[in-house]
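Coordinates from model.cif are shown below (mmCIF, C-alpha atoms (C1' of nucleotides)).
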```
data_data
loop_
_atom_site.label_atom_id
_atom_site.label_comp_id
_atom_site.auth_asym_id
_atom_site.auth_seq_id
_atom_site.Cartn_x
_atom_site.Cartn_y
_atom_site.Cartn_z
CA MET A 1 162.63 147.49 115.85
CA TYR A 2 165.02 144.61 116.52
CA THR A 3 168.05 144.54 118.79
CA GLU A 4 171.46 143.90 117.32
CA LYS A 5 171.42 140.55 119.05
CA GLU A 6 168.17 139.55 117.37
CA ILE A 7 169.43 140.64 113.98
CA LYS A 8 172.57 138.56 114.35
CA GLU A 9 170.44 135.65 115.43
CA LYS A 10 168.33 135.99 112.30
CA LEU A 11 171.40 136.00 110.10
CA ARG A 12 172.86 133.01 111.88
CA ASN A 13 169.62 131.09 111.45
CA LYS A 14 169.92 131.48 107.73
CA GLY A 15 173.46 130.21 107.72
CA LEU A 16 174.95 133.57 106.81
CA LYS A 17 178.23 134.85 108.16
CA ILE A 18 177.73 137.73 110.51
CA THR A 19 179.40 140.87 109.29
CA PRO A 20 178.91 144.46 110.44
CA GLN A 21 177.73 145.30 106.92
CA ARG A 22 174.96 142.71 106.95
CA VAL A 23 173.83 143.66 110.41
CA ALA A 24 173.75 147.31 109.36
CA VAL A 25 171.82 146.65 106.15
CA LEU A 26 169.22 144.43 107.78
CA ASN A 27 168.83 146.91 110.60
CA ALA A 28 168.39 149.68 108.05
CA VAL A 29 165.60 147.82 106.25
CA TYR A 30 163.80 147.25 109.53
CA THR A 31 164.29 150.80 110.76
CA LEU A 32 163.45 152.55 107.51
CA ASN A 33 160.07 150.91 107.37
CA ASN A 34 158.75 152.98 104.50
CA HIS A 35 159.97 150.84 101.62
CA PRO A 36 163.43 152.27 101.29
CA THR A 37 165.42 152.21 98.08
CA ALA A 38 168.98 150.93 98.02
CA GLN A 39 170.04 154.56 98.19
CA HIS A 40 168.01 155.20 101.34
CA ILE A 41 169.56 152.15 102.91
CA MET A 42 173.02 153.21 101.87
CA ASP A 43 172.56 156.68 103.35
CA PHE A 44 171.35 155.20 106.61
CA VAL A 45 174.18 152.72 106.83
CA HIS A 46 176.72 155.42 106.04
CA LYS A 47 175.78 157.35 109.15
CA LYS A 48 177.47 154.65 111.17
CA TYR A 49 179.80 153.00 108.68
CA SER A 50 180.89 155.54 106.13
CA ASN A 51 183.03 153.06 104.24
CA VAL A 52 180.41 150.52 103.12
CA SER A 53 180.37 150.41 99.34
CA ALA A 54 177.37 150.48 97.03
CA GLY A 55 178.31 147.08 95.64
CA THR A 56 178.17 145.58 99.11
CA ILE A 57 174.78 147.13 99.81
CA TYR A 58 173.36 145.63 96.64
CA LYS A 59 174.97 142.26 97.18
CA THR A 60 173.76 142.15 100.76
CA LEU A 61 170.22 143.09 99.76
CA ASP A 62 170.25 140.37 97.11
CA THR A 63 171.43 137.86 99.66
CA LEU A 64 168.72 138.84 102.13
CA VAL A 65 166.07 138.57 99.42
CA GLU A 66 167.38 135.15 98.41
CA LYS A 67 167.16 133.96 102.00
CA GLY A 68 163.61 135.22 102.27
CA MET A 69 164.46 137.71 104.99
CA ILE A 70 163.26 140.75 103.07
CA THR A 71 161.30 141.27 99.87
CA LYS A 72 161.59 143.48 96.85
CA VAL A 73 158.58 145.62 96.28
CA ARG A 74 158.41 147.00 92.80
CA THR A 75 160.76 144.48 91.40
CA THR A 76 161.81 145.41 87.95
CA HIS A 77 165.05 144.10 86.72
CA ASP A 78 163.70 144.32 83.30
CA ALA A 79 162.78 147.30 81.24
CA THR A 80 159.50 149.10 81.27
CA ARG A 81 156.97 147.52 79.02
CA TYR A 82 154.28 149.15 76.97
CA ASP A 83 150.81 148.08 76.01
CA GLY A 84 148.51 149.11 73.22
CA ARG A 85 145.46 148.59 75.42
CA THR A 86 144.26 151.46 77.49
CA GLU A 87 141.21 150.01 79.15
CA ASN A 88 141.67 148.80 82.71
CA HIS A 89 143.16 145.35 82.86
CA HIS A 90 145.41 143.14 84.92
CA HIS A 91 148.50 141.11 84.21
CA LEU A 92 149.84 137.60 84.48
CA TYR A 93 153.54 137.67 85.25
CA ASN A 94 155.27 134.51 84.24
CA ASN A 95 158.46 134.30 86.21
CA GLU A 96 159.83 131.43 84.21
CA ASN A 97 160.23 133.11 80.88
CA ASN A 98 159.78 136.69 82.01
CA SER A 99 156.68 137.22 79.93
CA ILE A 100 153.61 139.24 80.69
CA GLU A 101 150.10 138.51 79.53
CA ASP A 102 146.96 140.56 79.77
CA TYR A 103 144.28 139.34 82.12
CA ILE A 104 140.89 140.87 81.61
CA ASN A 105 138.00 139.87 83.80
CA LYS A 106 135.07 142.15 84.40
CA LYS A 107 133.86 140.03 87.29
CA LEU A 108 137.16 140.62 89.07
CA ASP A 109 136.96 144.35 88.45
CA LEU A 110 133.43 144.48 89.75
CA MET A 111 134.33 142.47 92.81
CA LEU A 112 137.28 144.72 93.63
CA ASP A 113 135.16 147.76 93.08
CA VAL A 114 132.53 146.54 95.51
CA PHE A 115 135.18 145.43 97.98
CA PHE A 116 136.89 148.81 98.15
CA LYS A 117 133.57 150.61 98.38
CA GLU A 118 132.68 148.53 101.38
CA ASN A 119 136.19 148.61 102.79
CA SER A 120 137.32 152.06 101.86
CA ILE A 121 140.68 153.27 103.08
CA PRO A 122 140.17 156.35 105.26
CA GLY A 123 141.20 159.51 103.48
CA TYR A 124 142.49 157.62 100.48
CA GLU A 125 141.11 158.08 97.02
CA ILE A 126 141.74 155.14 94.70
CA SER A 127 142.40 155.97 91.08
CA SER A 128 143.11 152.50 89.76
CA ILE A 129 143.81 148.97 90.84
CA ASP A 130 146.25 146.72 89.08
CA VAL A 131 146.34 143.08 90.07
CA HIS A 132 149.67 141.36 89.46
CA ILE A 133 149.19 137.65 89.19
CA ASN A 134 152.52 135.88 89.52
CA GLY A 135 152.88 132.26 88.52
CA LYS A 136 153.66 129.96 85.68
CA TYR A 137 152.11 127.64 83.16
CA GLN A 138 152.11 123.96 83.98
CA LYS A 139 154.34 121.97 81.70
CA GLY A 140 152.86 120.97 78.39
CA VAL A 141 150.10 123.50 78.50
CA GLU A 142 150.31 127.06 77.17
CA MET B 1 146.14 145.25 63.45
CA TYR B 2 145.50 148.76 62.16
CA THR B 3 146.08 150.17 58.73
CA GLU B 4 148.50 153.02 58.25
CA LYS B 5 145.54 155.23 57.49
CA GLU B 6 143.89 154.37 60.79
CA ILE B 7 147.08 155.00 62.71
CA LYS B 8 147.52 158.39 61.14
CA GLU B 9 143.92 159.15 61.93
CA LYS B 10 144.51 158.28 65.57
CA LEU B 11 147.52 160.56 65.75
CA ARG B 12 145.64 163.37 64.08
CA ASN B 13 142.76 163.02 66.52
CA LYS B 14 145.15 163.66 69.36
CA GLY B 15 146.53 166.77 67.73
CA LEU B 16 149.91 165.24 67.03
CA LYS B 17 151.94 165.92 63.95
CA ILE B 18 152.14 162.92 61.71
CA THR B 19 155.69 161.72 61.21
CA PRO B 20 156.93 158.41 59.86
CA GLN B 21 158.58 157.76 63.23
CA ARG B 22 155.35 158.13 65.17
CA VAL B 23 153.42 155.99 62.73
CA ALA B 24 156.12 153.33 62.95
CA VAL B 25 156.25 153.35 66.74
CA LEU B 26 152.51 153.18 67.20
CA ASN B 27 152.26 150.46 64.61
CA ALA B 28 155.02 148.55 66.44
CA VAL B 29 153.17 148.71 69.76
CA TYR B 30 150.01 147.42 68.10
CA THR B 31 151.79 144.71 66.17
CA LEU B 32 154.05 143.51 68.97
CA ASN B 33 151.10 142.82 71.18
CA ASN B 34 153.03 141.00 73.85
CA HIS B 35 154.02 143.98 75.98
CA PRO B 36 157.15 145.00 74.15
CA THR B 37 159.99 146.89 75.75
CA ALA B 38 161.39 150.02 74.15
CA GLN B 39 164.12 147.79 72.76
CA HIS B 40 161.64 145.43 71.12
CA ILE B 41 159.90 148.39 69.59
CA MET B 42 163.18 149.85 68.39
CA ASP B 43 164.19 146.57 66.76
CA PHE B 44 160.86 146.33 65.00
CA VAL B 45 160.95 149.89 63.78
CA HIS B 46 164.52 149.48 62.57
CA LYS B 47 163.48 146.78 60.13
CA LYS B 48 161.81 149.47 58.08
CA TYR B 49 163.51 152.64 59.21
CA SER B 50 167.02 151.85 60.26
CA ASN B 51 167.84 155.42 61.14
CA VAL B 52 165.33 156.08 63.93
CA SER B 53 167.24 156.90 67.08
CA ALA B 54 166.69 155.55 70.57
CA GLY B 55 165.96 159.02 71.87
CA THR B 56 163.14 159.40 69.39
CA ILE B 57 161.67 156.04 70.30
CA TYR B 58 161.59 157.00 73.96
CA LYS B 59 160.25 160.47 73.31
CA THR B 60 157.57 159.11 71.03
CA LEU B 61 156.53 156.46 73.55
CA ASP B 62 156.31 159.13 76.25
CA THR B 63 154.17 161.27 74.00
CA LEU B 64 151.83 158.38 73.21
CA VAL B 65 151.50 157.55 76.90
CA GLU B 66 150.76 161.20 77.70
CA LYS B 67 148.02 161.27 75.10
CA GLY B 68 146.52 158.10 76.51
CA MET B 69 147.08 156.13 73.34
CA ILE B 70 149.20 153.45 74.98
CA THR B 71 150.01 152.56 78.58
CA LYS B 72 153.11 151.65 80.51
CA VAL B 73 152.88 148.29 82.15
CA ARG B 74 155.45 147.87 84.82
CA THR B 75 156.09 151.50 85.31
CA THR B 76 159.37 152.08 87.00
CA HIS B 77 160.07 155.73 87.30
CA ASP B 78 161.83 155.05 90.54
CA ALA B 79 164.30 152.60 91.97
CA THR B 80 163.48 149.18 93.33
CA ARG B 81 162.24 149.30 96.87
CA TYR B 82 162.70 146.82 99.64
CA ASP B 83 160.50 145.73 102.49
CA GLY B 84 161.23 144.09 105.81
CA ARG B 85 157.91 142.23 105.69
CA THR B 86 157.80 138.87 104.05
CA GLU B 87 154.21 137.83 104.60
CA ASN B 88 151.88 138.37 101.66
CA HIS B 89 150.63 141.90 101.46
CA HIS B 90 149.57 144.56 99.02
CA HIS B 91 150.59 148.12 98.37
CA LEU B 92 149.16 151.59 98.15
CA TYR B 93 151.03 153.61 95.56
CA ASN B 94 150.72 157.31 96.13
CA ASN B 95 151.45 158.99 92.84
CA GLU B 96 151.61 162.44 94.34
CA ASN B 97 154.64 162.04 96.54
CA ASN B 98 155.89 158.77 95.11
CA SER B 99 155.47 156.90 98.36
CA ILE B 100 154.42 153.32 98.96
CA GLU B 101 152.48 152.01 101.92
CA ASP B 102 151.70 148.50 102.97
CA TYR B 103 148.11 147.38 102.70
CA ILE B 104 147.24 144.27 104.61
CA ASN B 105 143.74 142.89 104.53
CA LYS B 106 142.98 139.25 105.15
CA LYS B 107 139.49 139.61 103.82
CA LEU B 108 140.87 140.77 100.48
CA ASP B 109 143.30 137.87 100.37
CA LEU B 110 140.56 135.40 101.14
CA MET B 111 138.29 136.91 98.53
CA LEU B 112 140.97 136.74 95.84
CA ASP B 113 141.78 133.22 96.83
CA VAL B 114 138.18 132.13 96.46
CA PHE B 115 137.82 134.08 93.24
CA PHE B 116 140.76 132.45 91.54
CA LYS B 117 139.70 129.02 92.73
CA GLU B 118 136.33 129.52 91.14
CA ASN B 119 137.76 131.27 88.10
CA SER B 120 141.00 129.45 87.61
CA ILE B 121 143.12 130.25 84.59
CA PRO B 122 143.48 127.13 82.45
CA GLY B 123 146.94 125.60 82.78
CA TYR B 124 148.19 128.44 84.91
CA GLU B 125 149.46 127.95 88.41
CA ILE B 126 149.31 131.08 90.55
CA SER B 127 152.12 131.54 93.03
CA SER B 128 151.17 134.93 94.42
CA ILE B 129 148.93 137.88 93.85
CA ASP B 130 150.00 141.44 94.44
CA VAL B 131 147.36 144.12 94.29
CA HIS B 132 148.67 147.56 93.37
CA ILE B 133 146.31 150.22 94.58
CA ASN B 134 147.08 153.53 92.92
CA GLY B 135 145.69 156.75 94.28
CA LYS B 136 146.27 159.59 96.66
CA TYR B 137 145.32 160.95 100.02
CA GLN B 138 142.69 163.64 100.07
CA LYS B 139 144.04 166.97 101.16
CA GLY B 140 144.38 167.53 104.87
CA VAL B 141 144.05 163.88 105.77
CA GLU B 142 146.97 161.45 105.95
"C1'" DA C 1 193.08 127.48 106.84
"C1'" DT C 2 189.35 127.83 104.03
"C1'" DT C 3 185.58 129.92 102.46
"C1'" DC C 4 182.88 133.66 102.17
"C1'" DT C 5 182.52 138.72 102.09
"C1'" DT C 6 184.02 143.32 101.08
"C1'" DG C 7 185.72 147.51 98.57
"C1'" DC C 8 186.79 149.55 94.60
"C1'" DA C 9 186.36 150.92 90.18
"C1'" DA C 10 184.82 149.89 85.82
"C1'" DA C 11 181.16 148.44 83.06
"C1'" DG C 12 176.23 147.67 81.83
"C1'" DC C 13 171.60 148.93 80.74
"C1'" DA C 14 167.68 151.62 80.25
"C1'" DT C 15 166.51 156.05 79.87
"C1'" DT C 16 167.03 161.24 79.56
"C1'" DT C 17 168.86 165.48 77.89
"C1'" DG C 18 170.83 169.35 75.02
"C1'" DC C 19 171.16 171.20 70.87
"C1'" DA C 20 171.53 171.94 65.95
"C1'" DC C 21 169.07 170.60 62.03
"C1'" DC C 22 164.89 169.25 59.60
"C1'" DC C 23 160.15 168.49 58.55
"C1'" DT C 24 155.04 169.01 59.02
"C1'" DG C 25 151.09 171.80 58.90
"C1'" DC D 1 157.73 179.95 57.82
"C1'" DA D 2 156.88 178.78 62.62
"C1'" DG D 3 156.67 175.43 65.90
"C1'" DG D 4 157.52 170.97 66.80
"C1'" DG D 5 159.99 166.72 66.01
"C1'" DT D 6 164.29 164.23 65.14
"C1'" DG D 7 169.16 162.45 65.37
"C1'" DC D 8 173.16 162.21 67.66
"C1'" DA D 9 176.07 161.77 71.30
"C1'" DA D 10 176.92 162.64 75.84
"C1'" DA D 11 175.21 162.18 80.41
"C1'" DT D 12 172.52 160.14 84.11
"C1'" DG D 13 170.95 156.83 87.47
"C1'" DC D 14 170.48 152.33 89.15
"C1'" DT D 15 172.59 148.12 89.41
"C1'" DT D 16 176.04 144.43 88.37
"C1'" DT D 17 180.56 142.50 87.90
"C1'" DG D 18 185.56 141.15 88.42
"C1'" DC D 19 189.06 140.76 91.24
"C1'" DA D 20 192.37 141.36 94.90
"C1'" DA D 21 192.49 142.05 99.81
"C1'" DG D 22 190.31 141.14 104.21
"C1'" DA D 23 187.41 138.94 107.70
"C1'" DA D 24 184.45 135.16 109.72
"C1'" DT D 25 184.08 130.40 111.08
#
```
Can I see the file as structure tokens?
Amino acid sequence: MYTEKEIKEKLRNKGLKITPQRVAVLNAVYTLNNHPTAQHIMDFVHKKYSNVSAGTIYKTLDTLVEKGMITKVRTTHDATRYDGRTENHHHLYNNENNSIEDYINKKLDLMLDVFFKENSIPGYEISSIDVHINGKYQKGVE
Amino acid sequence: MYTEKEIKEKLRNKGLKITPQRVAVLNAVYTLNNHPTAQHIMDFVHKKYSNVSAGTIYKTLDTLVEKGMITKVRTTHDATRYDGRTENHHHLYNNENNSIEDYINKKLDLMLDVFFKENSIPGYEISSIDVHINGKYQKGVE
DNA sequence: ATTCTTGCAAAGCATTTGCACCCTG
DNA sequence: CAGGGTGCAAATGCTTTGCAAGAAT
């Protein structure tokens, strides 16, 4: 996907020291393009560098996320949360205080429904759609 | 939110045995209506029944989810996943084989953008929207 | 040389499991 | 009384942390 030279260049551009571990981790994320877990990445890296520790993999991934070079997909540093509601609804994720609020809007549901009928994904059968709205309340409101 | 009688009725309707633990857990989920974690629920339950164990709380929550009486919000049965892409995009969650695929559709982004401009949430500033599309591939396709 | 990065091992959490005992229907 | 539910404690799995040793600029 990217040459070693390009990967080093990317790291340098972000002001990061170039280490074999970082090059290997970033290369792994690019190569394993199917949303790898830290474990997948570790396994891949270990093929070449069998001595890279788990701690380093995690720290490196955190660093790369911080620098905006990669993203976390199903980010969940907090515990699973439960909800008494069972009808379809969406959520407002407030990153400031780590709270979650329900967001219910029939117009949105209808619009998504129509959209995915008109733009169906070949061979894919949708069972539900959950919209995660990330953001925060403006000061003084809420 | 619900009387004890109503909660017991709900449990009975699902064919579950009525135990003080189950009544307490379900009541906790209804009372703590701000997406409680298992820990929040445990703390709440412990105010009345200090001897309910963590294992029971988890097992009870699982049972209630199975019966469709409550839902899990940020369901995390697997590890955090990473992605080499940084541009805004959505995801297809395949529940059958636990895989995640990117879903990129500018039309969808534009539509959501327009929607939330026209239907803005008072006092709330949206930073990003992530659409989780749950479903599966029909047999033989993919 | 200085600062940042790594490896290691221990610790931290959330969650799961195994099993004997206990309670509900 | 039969089948399920519970408590306890140990185990698991992912991730984080502290710190001394090592490498990059």
Show me the residues around (171.0, 159.4, 83.5) - criterion: an atom at most 7 Å away, all atoms listed in the file counted - as a list in words.
DT15 and DT16 of chain C; DA11, DT12 and DG13 of chain D
Do me a favour and pick out the residues of chain D within 8 Å of chain B, using only C-alpha atoms (C1' of nucleotides), as a PyMOL selection string.
chain D and resi 6-8+14
How would the residues just picked look written out with C-alpha atoms (C1' of nucleotides) as a CSV table (one decimal), keeping the file's coordinate frame?
```csv
chain,number,residue,atom,x,y,z
D,6,DT,C1',164.3,164.2,65.1
D,7,DG,C1',169.2,162.4,65.4
D,8,DC,C1',173.2,162.2,67.7
D,14,DC,C1',170.5,152.3,89.2
```
Just need chain A moved onto chain B: least-squares over all Cα atoms matched in order, then output as a short mmCIF file (atom, residue, chain, number, x, y, z; two decimals) with C-alpha atoms, keeping the file's coordinate frame.
```cif
data_model
loop_
_atom_site.label_atom_id
_atom_site.label_comp_id
_atom_site.auth_asym_id
_atom_site.auth_seq_id
_atom_site.Cartn_x
_atom_site.Cartn_y
_atom_site.Cartn_z
CA MET A 1 146.09 145.27 63.51
CA TYR A 2 145.44 148.79 62.25
CA THR A 3 146.02 150.20 58.78
CA GLU A 4 148.46 153.03 58.30
CA LYS A 5 145.51 155.26 57.56
CA GLU A 6 143.85 154.43 60.87
CA ILE A 7 147.06 155.02 62.77
CA LYS A 8 147.50 158.44 61.21
CA GLU A 9 143.91 159.21 62.02
CA LYS A 10 144.51 158.31 65.65
CA LEU A 11 147.52 160.58 65.83
CA ARG A 12 145.66 163.42 64.17
CA ASN A 13 142.80 163.06 66.63
CA LYS A 14 145.18 163.68 69.45
CA GLY A 15 146.55 166.79 67.83
CA LEU A 16 149.94 165.25 67.13
CA LYS A 17 151.96 165.94 64.02
CA ILE A 18 152.14 162.93 61.79
CA THR A 19 155.67 161.74 61.29
CA PRO A 20 156.92 158.42 59.90
CA GLN A 21 158.58 157.78 63.26
CA ARG A 22 155.35 158.13 65.22
CA VAL A 23 153.40 156.02 62.78
CA ALA A 24 156.10 153.35 62.97
CA VAL A 25 156.24 153.35 66.77
CA LEU A 26 152.49 153.20 67.25
CA ASN A 27 152.25 150.47 64.65
CA ALA A 28 154.99 148.57 66.44
CA VAL A 29 153.16 148.71 69.77
CA TYR A 30 150.00 147.42 68.14
CA THR A 31 151.76 144.71 66.17
CA LEU A 32 154.03 143.50 68.95
CA ASN A 33 151.09 142.79 71.19
CA ASN A 34 153.06 140.97 73.85
CA HIS A 35 154.04 143.94 75.99
CA PRO A 36 157.15 144.96 74.14
CA THR A 37 160.01 146.84 75.74
CA ALA A 38 161.41 149.97 74.14
CA GLN A 39 164.13 147.75 72.73
CA HIS A 40 161.63 145.41 71.09
CA ILE A 41 159.90 148.38 69.57
CA MET A 42 163.16 149.84 68.38
CA ASP A 43 164.18 146.57 66.72
CA PHE A 44 160.84 146.34 64.97
CA VAL A 45 160.93 149.91 63.77
CA HIS A 46 164.50 149.49 62.54
CA LYS A 47 163.44 146.80 60.10
CA LYS A 48 161.76 149.50 58.07
CA TYR A 49 163.50 152.68 59.20
CA SER A 50 167.02 151.87 60.22
CA ASN A 51 167.82 155.45 61.13
CA VAL A 52 165.33 156.09 63.94
CA SER A 53 167.24 156.91 67.10
CA ALA A 54 166.70 155.53 70.58
CA GLY A 55 165.97 159.01 71.89
CA THR A 56 163.15 159.39 69.40
CA ILE A 57 161.67 156.02 70.33
CA TYR A 58 161.60 156.98 73.99
CA LYS A 59 160.26 160.45 73.35
CA THR A 60 157.57 159.09 71.06
CA LEU A 61 156.54 156.45 73.59
CA ASP A 62 156.34 159.11 76.29
CA THR A 63 154.19 161.25 74.05
CA LEU A 64 151.84 158.38 73.26
CA VAL A 65 151.52 157.55 76.96
CA GLU A 66 150.80 161.19 77.76
CA LYS A 67 148.05 161.26 75.16
CA GLY A 68 146.53 158.11 76.58
CA MET A 69 147.09 156.14 73.40
CA ILE A 70 149.21 153.44 75.02
CA THR A 71 150.04 152.51 78.60
CA LYS A 72 153.14 151.58 80.50
CA VAL A 73 152.91 148.23 82.15
CA ARG A 74 155.48 147.76 84.84
CA THR A 75 156.13 151.40 85.23
CA THR A 76 159.14 152.00 87.34
CA HIS A 77 160.96 155.20 86.88
CA ASP A 78 162.09 154.91 90.37
CA ALA A 79 164.41 152.46 91.98
CA THR A 80 163.51 149.10 93.34
CA ARG A 81 162.23 149.27 96.85
CA TYR A 82 162.68 146.81 99.65
CA ASP A 83 160.47 145.76 102.50
CA GLY A 84 161.18 144.15 105.82
CA ARG A 85 157.87 142.29 105.73
CA THR A 86 157.77 138.93 104.10
CA GLU A 87 154.19 137.90 104.64
CA ASN A 88 151.86 138.40 101.70
CA HIS A 89 150.61 141.93 101.46
CA HIS A 90 149.54 144.58 99.00
CA HIS A 91 150.56 148.14 98.34
CA LEU A 92 149.12 151.62 98.09
CA TYR A 93 150.97 153.62 95.48
CA ASN A 94 150.66 157.31 96.01
CA ASN A 95 151.40 158.98 92.73
CA GLU A 96 151.57 162.43 94.21
CA ASN A 97 154.58 162.03 96.41
CA ASN A 98 155.85 158.75 95.02
CA SER A 99 155.41 156.91 98.27
CA ILE A 100 154.37 153.35 98.89
CA GLU A 101 152.45 152.06 101.85
CA ASP A 102 151.66 148.54 102.92
CA TYR A 103 148.07 147.42 102.65
CA ILE A 104 147.23 144.31 104.58
CA ASN A 105 143.73 142.92 104.51
CA LYS A 106 143.02 139.28 105.13
CA LYS A 107 139.49 139.62 103.81
CA LEU A 108 140.88 140.78 100.47
CA ASP A 109 143.32 137.89 100.35
CA LEU A 110 140.59 135.42 101.14
CA MET A 111 138.31 136.90 98.53
CA LEU A 112 140.99 136.75 95.84
CA ASP A 113 141.83 133.23 96.83
CA VAL A 114 138.23 132.12 96.47
CA PHE A 115 137.85 134.07 93.24
CA PHE A 116 140.81 132.43 91.53
CA LYS A 117 139.77 129.00 92.75
CA GLU A 118 136.40 129.49 91.16
CA ASN A 119 137.81 131.24 88.12
CA SER A 120 141.05 129.42 87.61
CA ILE A 121 143.14 130.24 84.58
CA PRO A 122 143.52 127.10 82.45
CA GLY A 123 146.98 125.62 82.75
CA TYR A 124 148.21 128.46 84.90
CA GLU A 125 149.49 127.98 88.40
CA ILE A 126 149.34 131.10 90.55
CA SER A 127 152.15 131.58 93.02
CA SER A 128 151.20 134.96 94.41
CA ILE A 129 148.93 137.91 93.84
CA ASP A 130 149.99 141.47 94.43
CA VAL A 131 147.34 144.15 94.28
CA HIS A 132 148.63 147.59 93.34
CA ILE A 133 146.26 150.24 94.55
CA ASN A 134 147.03 153.54 92.85
CA GLY A 135 145.61 156.77 94.19
CA LYS A 136 146.20 159.59 96.57
CA TYR A 137 145.22 160.97 99.92
CA GLN A 138 142.58 163.67 99.97
CA LYS A 139 143.94 167.00 101.05
CA GLY A 140 144.21 167.56 104.76
CA VAL A 141 144.00 163.92 105.64
CA GLU A 142 146.97 161.55 105.93
#
```
If we count only C-alpha atoms (C1' of nucleotides) and set the cut-off at 10 Å, which residues sit around Val131 in chain A, ignoring sequence neighbours fewer than 3 positions away in its own chain? Please answer as a ChimeraX atom specification.
/A:89-92,103,108-109,112,128,134 /B:90,129-133
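Minimum atom-to-atom distances from B:Ile70, B:Met1, B:Leu11, B:Leu64 to His35 in chain B were compared using all atoms listed in the file, and the lowest value belongs to B:Ile70.
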Given the PyMOL selection byres ((chain C) within 12 of (chain A)) and the file above, list the residues it selects as a count of residues only.
10
Please evaluate the PyMOL selection byres ((chain A and resi 124) around 10) against the displayed coordinates and give the resulting residues as a ChimeraX atom specification.
/A:120-123,125-127 /B:92,94,134-139,141-142
Would you mind telling me which residue in B:Lys47, B:Lys107, B:Arg12, B:Lys5 lies nearest to chain A when using all atoms listed in the file?
B:Lys107
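The residues caught by the PyMOL selection byres ((chain C and resi 1) around 12) in this file are C:DT2, C:DT3, D:DA24, D:DT25.
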Residues at most 12 Å from Asp43 in chain A, counting all atoms listed in the file, excluding those fewer than 4 positions away in the same chain, as a list in words?
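Listed by chain and then number, they are Ala24, Val25, Ala28, Val29, Leu32, Pro36, Thr37, Ala38, Gln39, Lys47, Lys48, Tyr49, Ser50, Asn51, Val52, Ser53, Ala54 and Ile57 of chain A.
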What is the CA of Asn33 in chain A-CA of Glu101 in chain B distance in Å, reported with one decimal?
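CA of Glu101 in chain B lies at a distance of 9.4 Å from CA of Asn33 in chain A.
Take the candidates A:Met111, A:His40, A:Gly15, A:Val45 and check each one against Asn27 in chain A using only C-alpha atoms; the shortest distance goes to A:Val45.
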